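Structure first, commentary second.
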Amino acid sequence: MVVTKSIGLEAYSDFRIFSKLSYNCIKFMMDNNELIWKLLKYTDPDAWNKPNLTQDEKAALIYSGQQDSSKFNVFMDGKQPDVLVEEVTLVRIMPHYAVGLNRTLGYVEVSMEIFSHYKINHMSNYQTRIDTITEELLALFNGAELGGVGLMSFDKMADQSARLFQAGQIPFGGKQIIFSTYSA
């Protein structure tokens with residue numbers, strides 16, 4: 001029996017960014033965008049024109065394992081165990097898929113889902129919540145360097161899965177964006 005020595009074990013990607021992606025993206029969004037948070041909190045047609053939220057108000061919209069998930073608007077996974085009875089807008093940010101390109105380099109796809117109840121989707125500025133939040137997420141995260149998780153990219157050359165597509169189920173419409181970041 002021939003035993004091959006383990007050469008260069010430290011050269012293997014450990015994908016240690018995977019569990020931090022959702023939190024770091026949401027934290028980045030908290031610190032660098034106001035409009036998304038207003039569209040999540042306020043259901044009025046003029047939500048885009050409301051005052052900015054405080055950090056505490058933003059934090060209160062984020063689900064972190066409380067008993068009733070239906071009272072929150074920002075999630076770190078794609079699950080919804082509780083029935084939504086309010087007309088709300090939701091954002092879900094989560095690791096979606098990982099690929100090992102070789103032993104030292106891989107990438108992780110990050111899914112960002114936006115859902116809005118049809119009755120509150122249209123706003124008084126003749127835009128929709130879904131498209132406005134989608135646009136804000138694309139502008140905010142494409143090329144953003146998130147401390148600890150790397151450079152986010154919406155780029156077919158970096159990841160063939162980078163895309164934006166329709167999502168949702170009546171009475172919620174939505175969009176899904178797939179970003180990626182490399183892991184070494």
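Going by the structure tokens order, chains are called A, B, ..., each with residues numbered from 1, while ligands are numbered from 1 in the order shown.
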Go through stretch 49-111 of chain A residue by residue and, counting only C-alpha atoms, keep those with an atom at most 9 Å from stretch 154-176 of chain A; for each kept residue give the shortest atom pair and its distance in Å to one decimal, ordered by chain and increasing number, as a tab-separated table.
```
residue	atom	partner	partner_atom	distance
A:Glu87	CA	A:Phe172	CA	8.9
A:Val88	CA	A:Phe172	CA	8.9
A:Thr89	CA	A:Phe172	CA	8.6
A:Tyr107	CA	A:Asp159	CA	8.1
A:Glu109	CA	A:Ser161	CA	7.9
A:Ser111	CA	A:Gln176	CA	6.7
```
Handout entry: Near-A:Gly147 list (12 Å; only C-alpha atoms; drop same-chain fewer than 4 positions) as a PyMOL selection string
Key = chain A and resi 17+20-21+23-25+27-28+151-152+181
Could you take the residues named above and write them with N, CA, C and O atoms, as an mmCIF file, in the first residue's frame?
```
data_model
loop_
_atom_site.group_PDB
_atom_site.id
_atom_site.type_symbol
_atom_site.label_atom_id
_atom_site.label_comp_id
_atom_site.auth_asym_id
_atom_site.auth_seq_id
_atom_site.Cartn_x
_atom_site.Cartn_y
_atom_site.Cartn_z
ATOM 1 N N ILE A 17 -16.178 31.522 4.893
ATOM 2 C CA ILE A 17 -17.054 32.693 4.741
ATOM 3 C C ILE A 17 -18.532 32.312 4.704
ATOM 4 O O ILE A 17 -19.403 33.154 4.879
ATOM 5 N N LYS A 20 -21.083 33.306 7.390
ATOM 6 C CA LYS A 20 -21.055 34.737 7.700
ATOM 7 C C LYS A 20 -21.701 35.599 6.608
ATOM 8 O O LYS A 20 -21.917 36.784 6.802
ATOM 9 N N LEU A 21 -21.989 34.998 5.474
ATOM 10 C CA LEU A 21 -22.466 35.771 4.327
ATOM 11 C C LEU A 21 -23.759 36.538 4.613
ATOM 12 O O LEU A 21 -23.844 37.738 4.342
ATOM 13 N N TYR A 23 -25.310 37.483 7.442
ATOM 14 C CA TYR A 23 -25.157 38.539 8.438
ATOM 15 C C TYR A 23 -24.355 39.711 7.870
ATOM 16 O O TYR A 23 -24.749 40.874 8.016
ATOM 17 N N ASN A 24 -23.228 39.416 7.229
ATOM 18 C CA ASN A 24 -22.382 40.504 6.718
ATOM 19 C C ASN A 24 -23.082 41.308 5.627
ATOM 20 O O ASN A 24 -22.919 42.527 5.555
ATOM 21 N N CYS A 25 -23.864 40.656 4.795
ATOM 22 C CA CYS A 25 -24.621 41.378 3.761
ATOM 23 C C CYS A 25 -25.674 42.280 4.406
ATOM 24 O O CYS A 25 -25.841 43.440 4.009
ATOM 25 N N LYS A 27 -25.693 43.491 7.465
ATOM 26 C CA LYS A 27 -24.989 44.574 8.178
ATOM 27 C C LYS A 27 -24.538 45.647 7.190
ATOM 28 O O LYS A 27 -24.691 46.844 7.426
ATOM 29 N N PHE A 28 -24.000 45.228 6.050
ATOM 30 C CA PHE A 28 -23.574 46.157 5.009
ATOM 31 C C PHE A 28 -24.765 46.975 4.504
ATOM 32 O O PHE A 28 -24.667 48.192 4.307
ATOM 33 N N LEU A 151 -15.231 40.177 -2.062
ATOM 34 C CA LEU A 151 -15.827 41.042 -3.073
ATOM 35 C C LEU A 151 -17.065 40.376 -3.666
ATOM 36 O O LEU A 151 -16.989 39.264 -4.182
ATOM 37 N N MET A 152 -18.192 41.079 -3.575
ATOM 38 C CA MET A 152 -19.441 40.568 -4.155
ATOM 39 C C MET A 152 -19.476 40.923 -5.640
ATOM 40 O O MET A 152 -19.021 41.995 -6.042
ATOM 41 N N THR A 181 -19.191 35.405 -4.572
ATOM 42 C CA THR A 181 -17.938 35.876 -4.001
ATOM 43 C C THR A 181 -16.986 34.696 -3.961
ATOM 44 O O THR A 181 -17.414 33.549 -3.790
#
```
Practice task
Go through A:Leu90, A:Val149, A:Val99, A:Val85 and flag the residue nearest A:Tyr63, using only C-alpha atoms for the distances.
Solution key: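 Smallest separation from A:Tyr63 among the options: A:Leu90.
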Exercise for the section: Could you check how far atom CA of A:Ile114 sits from atom CA of A:Ala98, in Å to one decimal? Expected result: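 Those two atoms sit 21.4 Å apart.
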Exercise for the section: Tell me which protein, DNA and RNA residues are within 9 Å of A:Lys58, counting only C-alpha atoms, leaving out same-chain ones fewer than 3 positions away, and put them as a ChimeraX atom specification. Expected result: /A:30,37-38,41,53-55,61-62
For the selection just defined, write its residues with N, CA, C and O atoms to a file, as a short mmCIF file (atom, residue, chain, number, x, y, z; two decimals), in the first residue's frame.
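again_23.cif was written with the following content:
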```
data_model
loop_
_atom_site.label_atom_id
_atom_site.label_comp_id
_atom_site.auth_asym_id
_atom_site.auth_seq_id
_atom_site.Cartn_x
_atom_site.Cartn_y
_atom_site.Cartn_z
N MET A 30 -27.47 47.64 6.20
CA MET A 30 -27.86 48.55 7.29
C MET A 30 -27.03 49.82 7.28
O MET A 30 -27.55 50.92 7.49
N TRP A 37 -34.59 50.03 3.56
CA TRP A 37 -35.18 49.90 4.89
C TRP A 37 -36.52 50.62 4.99
O TRP A 37 -37.44 50.13 5.63
N LYS A 38 -36.63 51.78 4.35
CA LYS A 38 -37.91 52.51 4.36
C LYS A 38 -38.98 51.70 3.63
O LYS A 38 -40.12 51.63 4.08
N LYS A 41 -40.09 48.83 5.96
CA LYS A 41 -40.85 49.19 7.17
C LYS A 41 -42.23 49.77 6.86
O LYS A 41 -43.23 49.39 7.45
N LEU A 53 -34.60 55.40 8.80
CA LEU A 53 -34.74 54.64 10.04
C LEU A 53 -33.45 54.72 10.86
O LEU A 53 -32.36 54.86 10.29
N THR A 54 -33.58 54.59 12.16
CA THR A 54 -32.40 54.49 13.02
C THR A 54 -31.86 53.05 12.91
O THR A 54 -32.54 52.16 12.41
N GLN A 55 -30.67 52.84 13.42
CA GLN A 55 -30.10 51.49 13.43
C GLN A 55 -30.98 50.54 14.23
O GLN A 55 -31.16 49.39 13.85
N LEU A 61 -36.38 44.97 12.34
CA LEU A 61 -36.99 44.33 11.17
C LEU A 61 -36.34 42.99 10.84
O LEU A 61 -36.84 42.24 10.00
N ILE A 62 -35.23 42.66 11.49
CA ILE A 62 -34.45 41.47 11.16
C ILE A 62 -34.86 40.29 12.04
O ILE A 62 -34.83 40.39 13.27
#
```
Practice task
Going by DSSP on the backbone, which bits of stretch 78-142 of chain A are helix (DSSP H, G or I)? Write them as number ranges by chain, please.
Solution key: A: 118-121, 129-141
Take the residues from that selection and write them out as an mmCIF file, in the first residue's frame, keeping N, CA, C and O atoms.
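Heads up, here's the output in selection_24.cif:
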```cif
data_model
loop_
_atom_site.group_PDB
_atom_site.id
_atom_site.type_symbol
_atom_site.label_atom_id
_atom_site.label_comp_id
_atom_site.auth_asym_id
_atom_site.auth_seq_id
_atom_site.Cartn_x
_atom_site.Cartn_y
_atom_site.Cartn_z
ATOM 1 N N TYR A 118 -48.778 42.211 -3.518
ATOM 2 C CA TYR A 118 -49.221 42.966 -4.698
ATOM 3 C C TYR A 118 -49.942 44.264 -4.342
ATOM 4 O O TYR A 118 -49.814 45.256 -5.045
ATOM 5 N N LYS A 119 -50.698 44.285 -3.246
ATOM 6 C CA LYS A 119 -51.490 45.467 -2.901
ATOM 7 C C LYS A 119 -50.645 46.656 -2.450
ATOM 8 O O LYS A 119 -51.135 47.779 -2.452
ATOM 9 N N ILE A 120 -49.402 46.420 -2.043
ATOM 10 C CA ILE A 120 -48.554 47.548 -1.616
ATOM 11 C C ILE A 120 -47.348 47.741 -2.523
ATOM 12 O O ILE A 120 -46.503 48.589 -2.266
ATOM 13 N N ASN A 121 -47.263 46.969 -3.590
ATOM 14 C CA ASN A 121 -46.084 47.012 -4.449
ATOM 15 C C ASN A 121 -45.939 48.339 -5.194
ATOM 16 O O ASN A 121 -44.850 48.872 -5.309
ATOM 17 N N ARG A 129 -42.042 48.616 -5.415
ATOM 18 C CA ARG A 129 -41.113 48.265 -4.337
ATOM 19 C C ARG A 129 -40.128 47.199 -4.799
ATOM 20 O O ARG A 129 -38.934 47.281 -4.524
ATOM 21 N N ILE A 130 -40.656 46.173 -5.474
ATOM 22 C CA ILE A 130 -39.809 45.063 -5.897
ATOM 23 C C ILE A 130 -38.680 45.560 -6.790
ATOM 24 O O ILE A 130 -37.510 45.255 -6.554
ATOM 25 N N ASP A 131 -39.013 46.327 -7.818
ATOM 26 C CA ASP A 131 -37.979 46.798 -8.738
ATOM 27 C C ASP A 131 -37.043 47.812 -8.085
ATOM 28 O O ASP A 131 -35.843 47.831 -8.374
ATOM 29 N N THR A 132 -37.564 48.641 -7.200
ATOM 30 C CA THR A 132 -36.718 49.623 -6.529
ATOM 31 C C THR A 132 -35.730 48.942 -5.589
ATOM 32 O O THR A 132 -34.538 49.260 -5.593
ATOM 33 N N ILE A 133 -36.198 47.986 -4.798
ATOM 34 C CA ILE A 133 -35.291 47.269 -3.899
ATOM 35 C C ILE A 133 -34.280 46.452 -4.713
ATOM 36 O O ILE A 133 -33.089 46.414 -4.384
ATOM 37 N N THR A 134 -34.734 45.831 -5.791
ATOM 38 C CA THR A 134 -33.822 45.080 -6.658
ATOM 39 C C THR A 134 -32.721 45.988 -7.180
ATOM 40 O O THR A 134 -31.535 45.647 -7.121
ATOM 41 N N GLU A 135 -33.102 47.150 -7.692
ATOM 42 C CA GLU A 135 -32.125 48.107 -8.201
ATOM 43 C C GLU A 135 -31.146 48.540 -7.110
ATOM 44 O O GLU A 135 -29.930 48.611 -7.347
ATOM 45 N N GLU A 136 -31.666 48.803 -5.917
ATOM 46 C CA GLU A 136 -30.807 49.222 -4.806
ATOM 47 C C GLU A 136 -29.825 48.111 -4.410
ATOM 48 O O GLU A 136 -28.661 48.381 -4.133
ATOM 49 N N LEU A 137 -30.286 46.868 -4.382
ATOM 50 C CA LEU A 137 -29.399 45.751 -4.034
ATOM 51 C C LEU A 137 -28.316 45.562 -5.095
ATOM 52 O O LEU A 137 -27.145 45.327 -4.758
ATOM 53 N N LEU A 138 -28.686 45.642 -6.369
ATOM 54 C CA LEU A 138 -27.694 45.523 -7.437
ATOM 55 C C LEU A 138 -26.637 46.615 -7.322
ATOM 56 O O LEU A 138 -25.433 46.345 -7.400
ATOM 57 N N ALA A 139 -27.078 47.855 -7.120
ATOM 58 C CA ALA A 139 -26.141 48.977 -7.016
ATOM 59 C C ALA A 139 -25.275 48.869 -5.760
ATOM 60 O O ALA A 139 -24.088 49.189 -5.789
ATOM 61 N N LEU A 140 -25.868 48.427 -4.681
ATOM 62 C CA LEU A 140 -25.161 48.354 -3.399
ATOM 63 C C LEU A 140 -24.122 47.234 -3.368
ATOM 64 O O LEU A 140 -22.994 47.430 -2.906
ATOM 65 N N PHE A 141 -24.475 46.048 -3.850
ATOM 66 C CA PHE A 141 -23.606 44.887 -3.655
ATOM 67 C C PHE A 141 -22.686 44.555 -4.824
ATOM 68 O O PHE A 141 -21.666 43.909 -4.621
#
```
Using DSSP on the backbone coordinates, identify the residues of stretch 128-171 of chain A assigned to strand (DSSP E or B); present them as an mmCIF file with N, CA, C and O atoms, in the first residue's frame.
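Everything below was put into part33.cif:
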```
data_model
loop_
_atom_site.group_PDB
_atom_site.id
_atom_site.type_symbol
_atom_site.label_atom_id
_atom_site.label_comp_id
_atom_site.auth_asym_id
_atom_site.auth_seq_id
_atom_site.Cartn_x
_atom_site.Cartn_y
_atom_site.Cartn_z
ATOM 1 N N THR A 128 -42.212 50.440 -8.497
ATOM 2 C CA THR A 128 -42.652 49.362 -7.615
ATOM 3 C C THR A 128 -41.587 49.104 -6.553
ATOM 4 O O THR A 128 -40.401 49.347 -6.778
ATOM 5 N N GLU A 145 -16.985 45.338 -1.404
ATOM 6 C CA GLU A 145 -16.056 44.553 -0.588
ATOM 7 C C GLU A 145 -16.650 44.454 0.807
ATOM 8 O O GLU A 145 -16.727 45.438 1.523
ATOM 9 N N LEU A 146 -17.110 43.266 1.151
ATOM 10 C CA LEU A 146 -17.686 43.039 2.474
ATOM 11 C C LEU A 146 -16.609 42.447 3.361
ATOM 12 O O LEU A 146 -16.135 41.342 3.093
ATOM 13 N N GLY A 150 -15.315 38.997 1.401
ATOM 14 C CA GLY A 150 -14.779 39.245 0.073
ATOM 15 C C GLY A 150 -15.613 40.149 -0.807
ATOM 16 O O GLY A 150 -16.562 40.784 -0.368
ATOM 17 N N LEU A 151 -15.231 40.177 -2.062
ATOM 18 C CA LEU A 151 -15.827 41.042 -3.073
ATOM 19 C C LEU A 151 -17.065 40.376 -3.666
ATOM 20 O O LEU A 151 -16.989 39.264 -4.182
ATOM 21 N N SER A 153 -20.055 40.017 -6.438
ATOM 22 C CA SER A 153 -20.047 40.227 -7.873
ATOM 23 C C SER A 153 -21.351 39.746 -8.507
ATOM 24 O O SER A 153 -21.867 38.689 -8.155
ATOM 25 N N ARG A 163 -27.464 36.049 -12.036
ATOM 26 C CA ARG A 163 -28.694 36.326 -12.789
ATOM 27 C C ARG A 163 -29.720 37.013 -11.893
ATOM 28 O O ARG A 163 -29.600 37.035 -10.677
ATOM 29 N N LEU A 164 -30.723 37.528 -12.558
ATOM 30 C CA LEU A 164 -31.865 38.158 -11.906
ATOM 31 C C LEU A 164 -33.097 37.565 -12.571
ATOM 32 O O LEU A 164 -33.178 37.514 -13.800
ATOM 33 N N PHE A 165 -34.042 37.101 -11.760
ATOM 34 C CA PHE A 165 -35.241 36.522 -12.357
ATOM 35 C C PHE A 165 -36.448 36.711 -11.458
ATOM 36 O O PHE A 165 -36.322 37.057 -10.286
ATOM 37 N N GLN A 166 -37.618 36.494 -12.044
ATOM 38 C CA GLN A 166 -38.892 36.612 -11.336
ATOM 39 C C GLN A 166 -38.999 35.525 -10.270
ATOM 40 O O GLN A 166 -38.517 34.415 -10.452
ATOM 41 N N ALA A 167 -39.675 35.862 -9.185
ATOM 42 C CA ALA A 167 -39.932 34.903 -8.114
ATOM 43 C C ALA A 167 -41.279 35.272 -7.501
ATOM 44 O O ALA A 167 -41.892 36.267 -7.866
ATOM 45 N N GLY A 168 -41.709 34.486 -6.551
ATOM 46 C CA GLY A 168 -42.922 34.821 -5.820
ATOM 47 C C GLY A 168 -44.084 33.913 -6.144
ATOM 48 O O GLY A 168 -44.071 33.156 -7.109
ATOM 49 N N GLN A 169 -45.074 33.995 -5.278
ATOM 50 C CA GLN A 169 -46.304 33.240 -5.422
ATOM 51 C C GLN A 169 -47.431 34.122 -4.913
ATOM 52 O O GLN A 169 -47.319 34.742 -3.855
#
```
Exercise for the section: Calculate how many Å separate atom CA of A:Met123 from atom CA of A:Asn52, rounding to one decimal. Expected result: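 A separation of 17.1 Å between them.
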Selection: 12 Å around A:Asn49, only C-alpha atoms, excl. self and same-chain fewer than 5 positions, as an mmCIF file with C-alpha atoms, in the first residue's frame:
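Contents of part.cif, freshly written:
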```cif
data_model
loop_
_atom_site.group_PDB
_atom_site.id
_atom_site.type_symbol
_atom_site.label_atom_id
_atom_site.label_comp_id
_atom_site.auth_asym_id
_atom_site.auth_seq_id
_atom_site.Cartn_x
_atom_site.Cartn_y
_atom_site.Cartn_z
ATOM 1 C CA GLU A 34 -31.586 53.889 3.591
ATOM 2 C CA LEU A 35 -34.187 53.412 0.872
ATOM 3 C CA ILE A 36 -34.418 49.622 1.175
ATOM 4 C CA TRP A 37 -35.181 49.901 4.894
ATOM 5 C CA LYS A 38 -37.906 52.506 4.358
ATOM 6 C CA LEU A 39 -39.573 50.294 1.739
ATOM 7 C CA TYR A 42 -43.521 51.428 5.651
ATOM 8 C CA THR A 43 -46.390 50.050 3.573
ATOM 9 C CA ASP A 44 -47.722 53.447 2.413
ATOM 10 C CA MET A 123 -45.770 53.443 -4.979
ATOM 11 C CA SER A 124 -46.722 57.083 -5.469
ATOM 12 C CA ASN A 125 -43.498 57.787 -7.427
#
```
Exercise for the section: Could you check how far atom CA of A:Gly78 sits from atom CA of A:Asn102, in Å to one decimal? Expected result: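 Straight-line distance from atom CA of A:Gly78 to atom CA of A:Asn102 works out to 28.4 Å.
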